[in-house]
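Okay, so here's the structure we're looking at.
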Amino acid sequence: MSSATLEDFARIREVNILKIKEARELGKKVVGIYCTYCPQELILAAGAIPVSLCGTSEKPIPAAEEVLPRNLCPLIKSSYGFAATDTCPFFHLADMVIGETTCDGKKKMFEIMQAIKPVHVMQLPHLHQVEAAFSLWVEELRRLRSRLEEELEVTISDEAIWQAIERVNRETRAAKAICDLNRMDPPPLSGLDLLTVTWSRTFSSDKEEVITMLEDLAGELQASRREAAVRAGQPRILLTGCPVGIGSEKVIRLVEEAGGTVVCMENCSGYKTLELQIEMRGEDPLIALARKYMSVPCSCMSPNPYRLELIERIMADFKIHAVIDLTWQACHTYNIEAYGVSALVRGKGIPYLHLESDYSSSDLENLKLRIEALLEMVA
Amino acid sequence: MVVVGLDIGSVAAKGVILTPDKPHRALLPTGWSPRDAGEQLIDQLLCLSGRKAADIEDIVATGYGRASIPAARRVVSEIKCHARGIAAICPEVRTIVDIGGQDSKVIRVDNDGRVVDFAMNDKCAAGTGRFLQVMANALGMDVSELGAAGTHRDPAIINSMCTVFAETEIISLLARGVDKERIIGGIHLSVARRVAAMARRMGVEEKVAFTGGVALNPAVRQALAGELDCELVIPPNCQFTGALGAALLAREQLVVS
């Protein structure tokens, strides 16, 4: 990483801890979020700051295991561990936290987390193309709106929601523009740089600022292709599956140490939500939001056809040579969905590697061997 | 042209030297230092072939200790090396099952010895040589004696996949007075089932070769053939497929460059 703008992204977390602290001292409310299903537009419309919470580091897992079972997804254990040990500054500063019933592990963990901080849990329906499920989700958005109004002592107007929708639309477009630059061959961003940008942006307290940063970076990367040259001729890898952030980036690191590049990620900090835009105006903003968030192609949805469509399109658009599907230990839905992803990818004659791991370094040698063998297959 | 392939496994280090006249093989325990094992192997191979160190034109290292061999000019994954090695000895093989000291692998290969797909055990020791080692210890035997005890018509069922729990299970079977032969039969079946499940998940295409140190055990061979419901090709020198593949890749690279 040499560009100054890229380094600004790496510093977003550190810079925003202070900004959020200062904003809070001036009376601003802060709402912590864990998941791409959380309709952050409602938080923005309430005049509060939506901010991601920590959950991608191994460090607090032993503390979490005093309460949670060991055989649980590391993301859930890490999220809870940060809260329980009060070591996530964003959690510390949050007035409340929003969770969703994406998976069983999170749902039950949030019950325990209630003792530490007010947690509002949204009932996320999993049946994707069912009218009753959609109605429930709209109702859940209304319930969140009321809870935010009550907890933050504000009124959320439709107009404020539309303004927030417009802002999030622009941020999503700007993030997508960055990710799409990697369609180029060679790609201007390494997988680690890509992750730094897309993951760090969720810790920013100022949407307009982060949109400007994303747009500046896109301009910079387009203007200078010098960075890209080092990656010429390297195998182009798509990473799909469970969420990855800084601290849990070991697979990306191993790919790049072995001479490949993760050019695209179809996961929560990557492409999974980047095509989701809300067409402006004209209806109940909560129905518009409900439609957007129901479309997120997480493996907790059943069926989940959009994920496969997205992967198929990414493989073509990004000229993908091999696909790595990462499942965190005990994430049943991604683990089982790997069967369908494998059939799709292998059916296209593209090498596919399914990895099941956790945040620890105990399996690095084993992962390294498999990743090297995968890269050899496409070399 | 003289080239060397080294396959530094977790338990055994294997080496093959290819010379214009005749190949030679050497094997020794890896011990605690993969680097020393590699150097000793090279010495032995030179001694066997009557060559000098300066004669070696290239060395490719593979296996768990592949990165700790300073003499190696290149490292290649054992998955690719196994595929290359088997293509040279048994070109009709389409699926390789390799069970080594700490890994078990299933590798699908095409006509030209290229890897089409592969699967590997995760960090768990079930279905590996390590599993057999621990169970042999629990029975007060050496791992090399297990195979001779063979399969059993009525093997004891060992339910635990986890090596630690399986060991406890075996101790309790012994305490209940279950026949040692039946327990050994159960241990062999457990390894075969675990690996066969991994192979079937990926798809098994005949012919199937069984390689690695555990392929020396006739009881696992028999149990695995039964589980996969096919005949297994056991290549001559079945522990050396990876080292041979590494040596062949070294030679091919020299020819290209």
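Simple scheme: letters A, B, ... for chains in structure tokens order, numbers from 1 for residues in each chain, numbers from 1 for ligands in the order shown.
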Given only C-alpha atoms, how would the per-residue table for chain A near chain B read, listing every residue at most 9 Å away with its closest atom pair and distance in Å to one decimal, sorted by chain and number, as JSON lines?
```
{"residue": "A:Pro351", "atom": "CA", "partner": "B:Asp117", "partner_atom": "CA", "distance": 7.1}
{"residue": "A:Tyr352", "atom": "CA", "partner": "B:Asp117", "partner_atom": "CA", "distance": 8.0}
{"residue": "A:Leu353", "atom": "CA", "partner": "B:Ala119", "partner_atom": "CA", "distance": 8.4}
{"residue": "A:His354", "atom": "CA", "partner": "B:Ala119", "partner_atom": "CA", "distance": 8.9}
{"residue": "A:Leu355", "atom": "CA", "partner": "B:Asp122", "partner_atom": "CA", "distance": 8.6}
{"residue": "A:Glu356", "atom": "CA", "partner": "B:Asp122", "partner_atom": "CA", "distance": 7.8}
{"residue": "A:Ser357", "atom": "CA", "partner": "B:Asp122", "partner_atom": "CA", "distance": 8.5}
{"residue": "A:Ser362", "atom": "CA", "partner": "B:Lys123", "partner_atom": "CA", "distance": 7.9}
{"residue": "A:Asp363", "atom": "CA", "partner": "B:Lys123", "partner_atom": "CA", "distance": 5.9}
{"residue": "A:Glu365", "atom": "CA", "partner": "B:Tyr64", "partner_atom": "CA", "distance": 7.8}
{"residue": "A:Asn366", "atom": "CA", "partner": "B:Lys123", "partner_atom": "CA", "distance": 6.9}
{"residue": "A:Leu367", "atom": "CA", "partner": "B:Asp122", "partner_atom": "CA", "distance": 8.4}
{"residue": "A:Leu369", "atom": "CA", "partner": "B:Ser77", "partner_atom": "CA", "distance": 6.2}
{"residue": "A:Arg370", "atom": "CA", "partner": "B:Met120", "partner_atom": "CA", "distance": 7.8}
{"residue": "A:Glu372", "atom": "CA", "partner": "B:Ser77", "partner_atom": "CA", "distance": 6.3}
{"residue": "A:Ala373", "atom": "CA", "partner": "B:Ser77", "partner_atom": "CA", "distance": 5.6}
{"residue": "A:Leu374", "atom": "CA", "partner": "B:Asp117", "partner_atom": "CA", "distance": 8.5}
{"residue": "A:Glu376", "atom": "CA", "partner": "B:Lys80", "partner_atom": "CA", "distance": 7.4}
{"residue": "A:Met377", "atom": "CA", "partner": "B:Val115", "partner_atom": "CA", "distance": 6.3}
```
Residues from last step as file, N, CA and C atoms, as a PDB file, in the first residue's frame:
```
ATOM      1  N   PRO A 351     -11.582 -24.041 -11.145  1.00  0.00           N
ATOM      2  CA  PRO A 351     -11.203 -24.698  -9.889  1.00  0.00           C
ATOM      3  C   PRO A 351     -11.852 -24.020  -8.677  1.00  0.00           C
ATOM      4  N   TYR A 352     -12.260 -24.837  -7.728  1.00  0.00           N
ATOM      5  CA  TYR A 352     -13.023 -24.373  -6.570  1.00  0.00           C
ATOM      6  C   TYR A 352     -12.419 -24.987  -5.318  1.00  0.00           C
ATOM      7  N   LEU A 353     -12.247 -24.190  -4.292  1.00  0.00           N
ATOM      8  CA  LEU A 353     -11.686 -24.687  -3.032  1.00  0.00           C
ATOM      9  C   LEU A 353     -12.571 -24.244  -1.883  1.00  0.00           C
ATOM     10  N   HIS A 354     -13.092 -25.209  -1.143  1.00  0.00           N
ATOM     11  CA  HIS A 354     -13.902 -24.881   0.028  1.00  0.00           C
ATOM     12  C   HIS A 354     -13.036 -25.017   1.273  1.00  0.00           C
ATOM     13  N   LEU A 355     -12.941 -23.965   2.063  1.00  0.00           N
ATOM     14  CA  LEU A 355     -12.133 -23.999   3.271  1.00  0.00           C
ATOM     15  C   LEU A 355     -13.030 -23.791   4.478  1.00  0.00           C
ATOM     16  N   GLU A 356     -12.825 -24.601   5.515  1.00  0.00           N
ATOM     17  CA  GLU A 356     -13.535 -24.388   6.765  1.00  0.00           C
ATOM     18  C   GLU A 356     -12.478 -24.066   7.815  1.00  0.00           C
ATOM     19  N   SER A 357     -12.634 -22.936   8.479  1.00  0.00           N
ATOM     20  CA  SER A 357     -11.566 -22.503   9.375  1.00  0.00           C
ATOM     21  C   SER A 357     -12.131 -21.646  10.496  1.00  0.00           C
ATOM     22  N   SER A 362      -3.869 -21.903  13.862  1.00  0.00           N
ATOM     23  CA  SER A 362      -3.465 -23.303  14.028  1.00  0.00           C
ATOM     24  C   SER A 362      -3.495 -24.087  12.719  1.00  0.00           C
ATOM     25  N   ASP A 363      -4.256 -23.639  11.726  1.00  0.00           N
ATOM     26  CA  ASP A 363      -4.331 -24.419  10.483  1.00  0.00           C
ATOM     27  C   ASP A 363      -3.653 -23.714   9.305  1.00  0.00           C
ATOM     28  N   GLU A 365      -0.666 -23.851   7.996  1.00  0.00           N
ATOM     29  CA  GLU A 365       0.113 -24.693   7.081  1.00  0.00           C
ATOM     30  C   GLU A 365      -0.804 -25.496   6.165  1.00  0.00           C
ATOM     31  N   ASN A 366      -1.858 -26.005   6.767  1.00  0.00           N
ATOM     32  CA  ASN A 366      -2.818 -26.792   6.003  1.00  0.00           C
ATOM     33  C   ASN A 366      -3.518 -25.918   4.947  1.00  0.00           C
ATOM     34  N   LEU A 367      -3.925 -24.720   5.335  1.00  0.00           N
ATOM     35  CA  LEU A 367      -4.573 -23.804   4.391  1.00  0.00           C
ATOM     36  C   LEU A 367      -3.600 -23.407   3.284  1.00  0.00           C
ATOM     37  N   LEU A 369      -1.071 -25.043   2.066  1.00  0.00           N
ATOM     38  CA  LEU A 369      -0.880 -26.120   1.098  1.00  0.00           C
ATOM     39  C   LEU A 369      -2.043 -26.168   0.110  1.00  0.00           C
ATOM     40  N   ARG A 370      -3.266 -26.063   0.650  1.00  0.00           N
ATOM     41  CA  ARG A 370      -4.415 -26.156  -0.246  1.00  0.00           C
ATOM     42  C   ARG A 370      -4.480 -24.974  -1.195  1.00  0.00           C
ATOM     43  N   GLU A 372      -1.909 -23.130  -2.198  1.00  0.00           N
ATOM     44  CA  GLU A 372      -0.825 -23.268  -3.192  1.00  0.00           C
ATOM     45  C   GLU A 372      -1.216 -24.258  -4.283  1.00  0.00           C
ATOM     46  N   ALA A 373      -1.820 -25.374  -3.873  1.00  0.00           N
ATOM     47  CA  ALA A 373      -2.215 -26.377  -4.864  1.00  0.00           C
ATOM     48  C   ALA A 373      -3.282 -25.816  -5.802  1.00  0.00           C
ATOM     49  N   LEU A 374      -4.181 -24.996  -5.263  1.00  0.00           N
ATOM     50  CA  LEU A 374      -5.214 -24.375  -6.105  1.00  0.00           C
ATOM     51  C   LEU A 374      -4.571 -23.441  -7.134  1.00  0.00           C
ATOM     52  N   GLU A 376      -1.560 -23.574  -8.244  1.00  0.00           N
ATOM     53  CA  GLU A 376      -0.825 -24.385  -9.225  1.00  0.00           C
ATOM     54  C   GLU A 376      -1.761 -24.908 -10.316  1.00  0.00           C
ATOM     55  N   MET A 377      -3.014 -25.172  -9.927  1.00  0.00           N
ATOM     56  CA  MET A 377      -3.967 -25.696 -10.914  1.00  0.00           C
ATOM     57  C   MET A 377      -4.259 -24.683 -12.016  1.00  0.00           C
TER      58      MET A 377
END
```
*Do a neighbour search on A:Leu254 at 8 Å with only C-alpha atoms, toss out local chain neighbours closer than 3 positions, and write the hits as a list in words.*
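Listing them by chain and then by number gives Lys250, Val251, Glu257, Ala258, Leu367, Lys368 and Ile371 of chain A.
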*Give me the residues within 10 Å of B:Val97 as number ranges by chain, counting only C-alpha atoms and dropping any in the same chain fewer than 6 places off.*
B: 82, 104-108, 118-120, 195-196, 198-199, 204, 208-212, 215, 224, 232
Print the selection's residues with C-alpha atoms to a file, as a CSV table (one decimal), in the first residue's frame.
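Written file, again-v7.csv:
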```csv
chain,number,residue,atom,x,y,z
B,82,HIS,CA,1.7,-36.7,-6.2
B,104,SER,CA,-5.0,-37.5,4.0
B,105,LYS,CA,-5.6,-36.3,0.5
B,106,VAL,CA,-7.8,-37.3,-2.4
B,107,ILE,CA,-6.5,-36.0,-5.8
B,108,ARG,CA,-8.3,-36.3,-9.1
B,118,PHE,CA,-8.5,-32.3,-4.6
B,119,ALA,CA,-9.7,-32.6,-1.1
B,120,MET,CA,-7.8,-32.8,2.2
B,195,VAL,CA,-11.1,-41.2,3.9
B,196,ALA,CA,-13.6,-42.9,1.7
B,198,MET,CA,-13.9,-37.5,1.7
B,199,ALA,CA,-13.2,-39.3,-1.6
B,204,VAL,CA,-14.2,-41.3,-7.3
B,208,VAL,CA,-7.8,-45.5,-7.8
B,209,ALA,CA,-4.3,-45.5,-6.5
B,210,PHE,CA,-3.5,-45.7,-2.8
B,211,THR,CA,-0.2,-44.1,-1.7
B,212,GLY,CA,1.6,-42.7,1.3
B,215,ALA,CA,-0.7,-47.7,2.1
B,224,LEU,CA,-10.5,-48.9,1.9
B,232,LEU,CA,-6.9,-50.2,-5.4
```
*Run DSSP on the backbone and grab whatever in stretch 189-330 of chain A lands in strand (DSSP E); send it over as a PyMOL selection string.*
chain A and resi 236-241+261-266+322-328
